[in-house]
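Enquirer: Input: one structure, supplied below.
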Amino acid sequence: MTQSITEIARVKNINRICMGKFEVETWYFSPYPESLVEMDPLHLCEFCLEPVGSRRMLERHRVKCTLRHPPGNEIYRKDDLSFFEIDGRKQRRYCRNLCLLSKLFLDHKTLYYDVDPFLFYLMTKNDERGMHLVGYFSKEKQSADDYNVACILTLPQYQRMGFGKLLIAFSYELSKVERKTGSPEKPLSDLGLLSYRSYWADVIIEVLCQTKGEVSISEISEMTALTHDDIMHTLQTMDLLKYYRGQFVLYLSEKTIKYNEKAMSKNKVRIDPACIDWVPPKFQPSQLRFL
């Protein structure tokens, strides 16, 4: 028997959701209204993310809903991929729906109502029917710790396709535009941590393989927008730091070079910085408060 009130609150309350052509099994509890929790599966509009209950209700909703893409500014497009920037203060309903959806797949996520202090960056895959949500990351409008990601999620139906690393790569491309380093807010989910460690390793080893001559940690940080701590942690994990003649040096083994070649062959789709049309937003103190 469950005695803890918090544990009761965390029991999974929705088994499946339907989004577009996908039916997805959920992982965790999300505080959707009780009237919708009884629906199995719960149908969501794939464009506005509104939970509507049954398929018949969804069909009626789609007649009225004219949205075919996220309600924000498109800041990147190449081939069939786009990124949109959404201000949580301007699009509260959409962003709250997004947070409720992501809570179904992120156990540690607690925010789903106070979306005003956040910007949301959504990745979509585009076809003739519209722009379909693949995943997103959020970031604080004003982060005291200079985090460039607060929360990140690739929807389960698009996982294991490389989209997670694209989301991470895009967050760092935005940091480069801002001319600053960035790191994700901790703690990361298990899947998030694996994705970040893999991304950091790929990027750092690629820089080392392409750089002729000596390179410092600061220079790697400047080229990649990774923090010194994340770079050092990755170098130690990959065993790329060696103590030689009284100092630490970076060492690339044959195994590491083969790892880079294998990683490069997998990265079929990459973020093209030339396709980013974005200026870092600036906010007044009054725009950072929850109203």
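In the structure tokens, each chain is lettered A, B, ... as it comes, each chain's residues begin at 1, and ligands are numbered from 1 in order of appearance.
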Would you mind listing what lies within 7 Å of stretch 154-160 of chain A as a VMD selection string, with only C-alpha atoms counted and same-chain residues fewer than 6 positions away left out?
Expert: chain A and resid 134 to 136
Enquirer: Suppose we keep N, CA, C and O atoms; can you now write the selection as a compact mmCIF listing (two decimals), in the first residue's frame?
Expert:
```txt
# COMPACT_ATOMS: atom_id res chain seq x y z
N VAL A 134 8.63 17.60 -32.92
CA VAL A 134 9.58 16.50 -32.72
C VAL A 134 10.11 16.52 -31.28
O VAL A 134 10.22 15.49 -30.62
N GLY A 135 10.45 17.71 -30.82
CA GLY A 135 10.99 17.87 -29.48
C GLY A 135 11.19 19.34 -29.18
O GLY A 135 10.90 20.20 -30.02
N TYR A 136 11.70 19.63 -28.00
CA TYR A 136 11.90 21.04 -27.63
C TYR A 136 12.91 21.14 -26.50
O TYR A 136 13.24 20.15 -25.83
```
Enquirer: Rank A:Arg55, A:Lys139, A:Lys262, A:Arg92 by their smallest atom-to-atom distance to A:Ser175, using only C-alpha atoms, and report the top residue only.
Expert: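 Under the stated criterion, the closest residue is A:Lys139.
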Enquirer: Do you know which residues are at most 12 Å from A:Glu128 counting only C-alpha atoms, after dropping those on the same chain fewer than 2 positions away, and could you put them as a list in words?
Expert: Arg68, His69, Asp80, Lys125, Asn126, Gly130, Met131 and His132 of chain A
Enquirer: May I have the residues within 12 Å of stretch 211-215 of chain A as a list in words, using only C-alpha atoms and disregarding those fewer than 6 positions away in the same chain?
Expert: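 Residues meeting the cut-off are Ile204, Ile205, Ser221, Glu222, Met223, Val249, Leu250, Tyr251 and Leu252 of chain A.
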Enquirer: Once you have the residues from the selection above, write them out as a PDB file, in the first residue's frame, restricted to N, CA and C atoms.
Expert:
```pdb
ATOM      1  N   ILE A 204      33.992  17.566 -28.943  1.00  0.00           N
ATOM      2  CA  ILE A 204      35.370  17.800 -28.493  1.00  0.00           C
ATOM      3  C   ILE A 204      36.359  16.993 -29.325  1.00  0.00           C
ATOM      4  N   ILE A 205      36.061  15.725 -29.563  1.00  0.00           N
ATOM      5  CA  ILE A 205      36.971  14.884 -30.345  1.00  0.00           C
ATOM      6  C   ILE A 205      37.058  15.378 -31.784  1.00  0.00           C
ATOM      7  N   SER A 221      36.613  25.716 -25.762  1.00  0.00           N
ATOM      8  CA  SER A 221      35.395  26.343 -25.241  1.00  0.00           C
ATOM      9  C   SER A 221      34.895  27.436 -26.177  1.00  0.00           C
ATOM     10  N   GLU A 222      35.817  28.228 -26.702  1.00  0.00           N
ATOM     11  CA  GLU A 222      35.445  29.313 -27.608  1.00  0.00           C
ATOM     12  C   GLU A 222      34.858  28.782 -28.913  1.00  0.00           C
ATOM     13  N   MET A 223      35.378  27.667 -29.394  1.00  0.00           N
ATOM     14  CA  MET A 223      34.906  27.086 -30.657  1.00  0.00           C
ATOM     15  C   MET A 223      33.570  26.362 -30.515  1.00  0.00           C
ATOM     16  N   VAL A 249      48.428  17.015 -20.689  1.00  0.00           N
ATOM     17  CA  VAL A 249      48.340  17.251 -22.133  1.00  0.00           C
ATOM     18  C   VAL A 249      47.166  16.454 -22.697  1.00  0.00           C
ATOM     19  N   LEU A 250      46.652  16.922 -23.834  1.00  0.00           N
ATOM     20  CA  LEU A 250      45.577  16.206 -24.520  1.00  0.00           C
ATOM     21  C   LEU A 250      46.185  15.164 -25.446  1.00  0.00           C
ATOM     22  N   TYR A 251      45.649  13.963 -25.364  1.00  0.00           N
ATOM     23  CA  TYR A 251      46.219  12.861 -26.136  1.00  0.00           C
ATOM     24  C   TYR A 251      45.130  12.152 -26.929  1.00  0.00           C
ATOM     25  N   LEU A 252      45.342  12.043 -28.237  1.00  0.00           N
ATOM     26  CA  LEU A 252      44.402  11.343 -29.115  1.00  0.00           C
ATOM     27  C   LEU A 252      44.968   9.981 -29.481  1.00  0.00           C
TER      28      LEU A 252
END
```
Enquirer: Counting only C-alpha atoms, what is within 8 Å of A:Pro70, bar same-chain residues fewer than 4 positions away, as number ranges by chain?
Expert: A: 47-48, 84, 122, 131, 133
Enquirer: Quick one: of A:Leu42, A:Leu81, A:Leu208, A:Cys99, who's nearest to A:Phe170, counting only C-alpha atoms?
Expert: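 Closest to A:Phe170 of all the choices is A:Leu81.
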Enquirer: How many Å lie between atom CA of A:Leu188 and atom CA of A:Leu153, rounded to one decimal?
Expert: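 If I compute the distance from atom CA of A:Leu188 to atom CA of A:Leu153, I get 10.7 Å.
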Enquirer: Quick one: pick out all helix (DSSP H, G or I) residues within stretch 59-92 of chain A from a backbone DSSP run and write them as a list of chain:residue names.
Expert: A:Glu59, A:Arg60, A:His61, A:Arg62, A:Val63, A:Lys64, A:Arg92
Enquirer: Pick out the closest residue to A:Lys12 from this set: A:Glu25, A:Asp116, A:Asp79, A:Glu74. Count only C-alpha atoms.
Expert: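 Closest candidate: A:Glu25.
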Enquirer: Considering only C-alpha atoms, return as a VMD selection string whatever protein or nucleic-acid residues lie within 8 Å of stretch 141-149 of chain A, sequence-local ones (same chain, fewer than 5 positions apart) excluded.
Expert: chain A and resid 117 to 119 171 to 172 175 181 to 185 283 288
Enquirer: Generate the output file for the selected residues, N, CA and C atoms, as a PDB file, in the first residue's frame.
Expert:
```
ATOM      1  N   PRO A 117       8.606  32.916 -17.178  1.00  0.00           N
ATOM      2  CA  PRO A 117      10.042  33.249 -17.188  1.00  0.00           C
ATOM      3  C   PRO A 117      10.857  32.466 -18.217  1.00  0.00           C
ATOM      4  N   PHE A 118      10.196  31.713 -19.098  1.00  0.00           N
ATOM      5  CA  PHE A 118      10.932  30.819 -19.985  1.00  0.00           C
ATOM      6  C   PHE A 118      10.679  31.106 -21.460  1.00  0.00           C
ATOM      7  N   LEU A 119      11.695  30.798 -22.255  1.00  0.00           N
ATOM      8  CA  LEU A 119      11.572  30.745 -23.707  1.00  0.00           C
ATOM      9  C   LEU A 119      11.601  29.281 -24.114  1.00  0.00           C
ATOM     10  N   SER A 171      20.961  24.371 -29.248  1.00  0.00           N
ATOM     11  CA  SER A 171      21.095  25.194 -28.035  1.00  0.00           C
ATOM     12  C   SER A 171      22.486  25.815 -27.955  1.00  0.00           C
ATOM     13  N   TYR A 172      23.504  25.062 -28.383  1.00  0.00           N
ATOM     14  CA  TYR A 172      24.864  25.602 -28.357  1.00  0.00           C
ATOM     15  C   TYR A 172      25.103  26.590 -29.500  1.00  0.00           C
ATOM     16  N   SER A 175      23.961  29.756 -28.185  1.00  0.00           N
ATOM     17  CA  SER A 175      24.958  30.296 -27.252  1.00  0.00           C
ATOM     18  C   SER A 175      26.102  30.966 -28.006  1.00  0.00           C
ATOM     19  N   THR A 181      29.329  30.900 -23.212  1.00  0.00           N
ATOM     20  CA  THR A 181      29.283  29.451 -23.046  1.00  0.00           C
ATOM     21  C   THR A 181      27.986  29.071 -22.352  1.00  0.00           C
ATOM     22  N   GLY A 182      27.611  27.813 -22.465  1.00  0.00           N
ATOM     23  CA  GLY A 182      26.362  27.359 -21.857  1.00  0.00           C
ATOM     24  C   GLY A 182      26.470  25.933 -21.377  1.00  0.00           C
ATOM     25  N   SER A 183      25.549  25.574 -20.485  1.00  0.00           N
ATOM     26  CA  SER A 183      25.489  24.219 -19.958  1.00  0.00           C
ATOM     27  C   SER A 183      24.053  23.951 -19.547  1.00  0.00           C
ATOM     28  N   PRO A 184      23.595  22.701 -19.619  1.00  0.00           N
ATOM     29  CA  PRO A 184      22.213  22.405 -19.229  1.00  0.00           C
ATOM     30  C   PRO A 184      22.018  22.468 -17.720  1.00  0.00           C
ATOM     31  N   GLU A 185      20.823  22.833 -17.325  1.00  0.00           N
ATOM     32  CA  GLU A 185      20.477  22.862 -15.902  1.00  0.00           C
ATOM     33  C   GLU A 185      20.470  21.441 -15.347  1.00  0.00           C
ATOM     34  N   PHE A 283      14.965  41.538 -22.342  1.00  0.00           N
ATOM     35  CA  PHE A 283      13.733  41.716 -21.578  1.00  0.00           C
ATOM     36  C   PHE A 283      13.909  42.760 -20.487  1.00  0.00           C
ATOM     37  N   LEU A 288       9.965  39.823 -16.955  1.00  0.00           N
ATOM     38  CA  LEU A 288      10.480  38.590 -16.368  1.00  0.00           C
ATOM     39  C   LEU A 288       9.634  38.101 -15.229  1.00  0.00           C
TER      40      LEU A 288
END
```
Enquirer: Residues at most 6 Å from A:Phe29, counting only C-alpha atoms, excluding those fewer than 4 positions away in the same chain, as a ChimeraX atom specification?
Expert: /A:10-13,104
Enquirer: For a test of reading the model, state the distance in Å between atom CA of A:Ile14 and atom CA of A:Thr26, rounded to one decimal.
Expert: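 Computed distance, atom CA of A:Ile14 to atom CA of A:Thr26, equals 6.8 Å.
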Enquirer: Identify, with DSSP run on backbone atoms, the residues in stretch 40-142 of chain A assigned to strand (DSSP E), and express the list as a VMD selection string.
Expert: chain A and resid 42 to 44 51 to 53 73 to 78 81 to 87 118 to 127 130 to 140
Enquirer: Given only C-alpha atoms as the basis, pick out the residue of A:Asn260, A:Arg179, A:Phe163, A:Cys65 nearest to A:Gln210.
Expert: A:Asn260
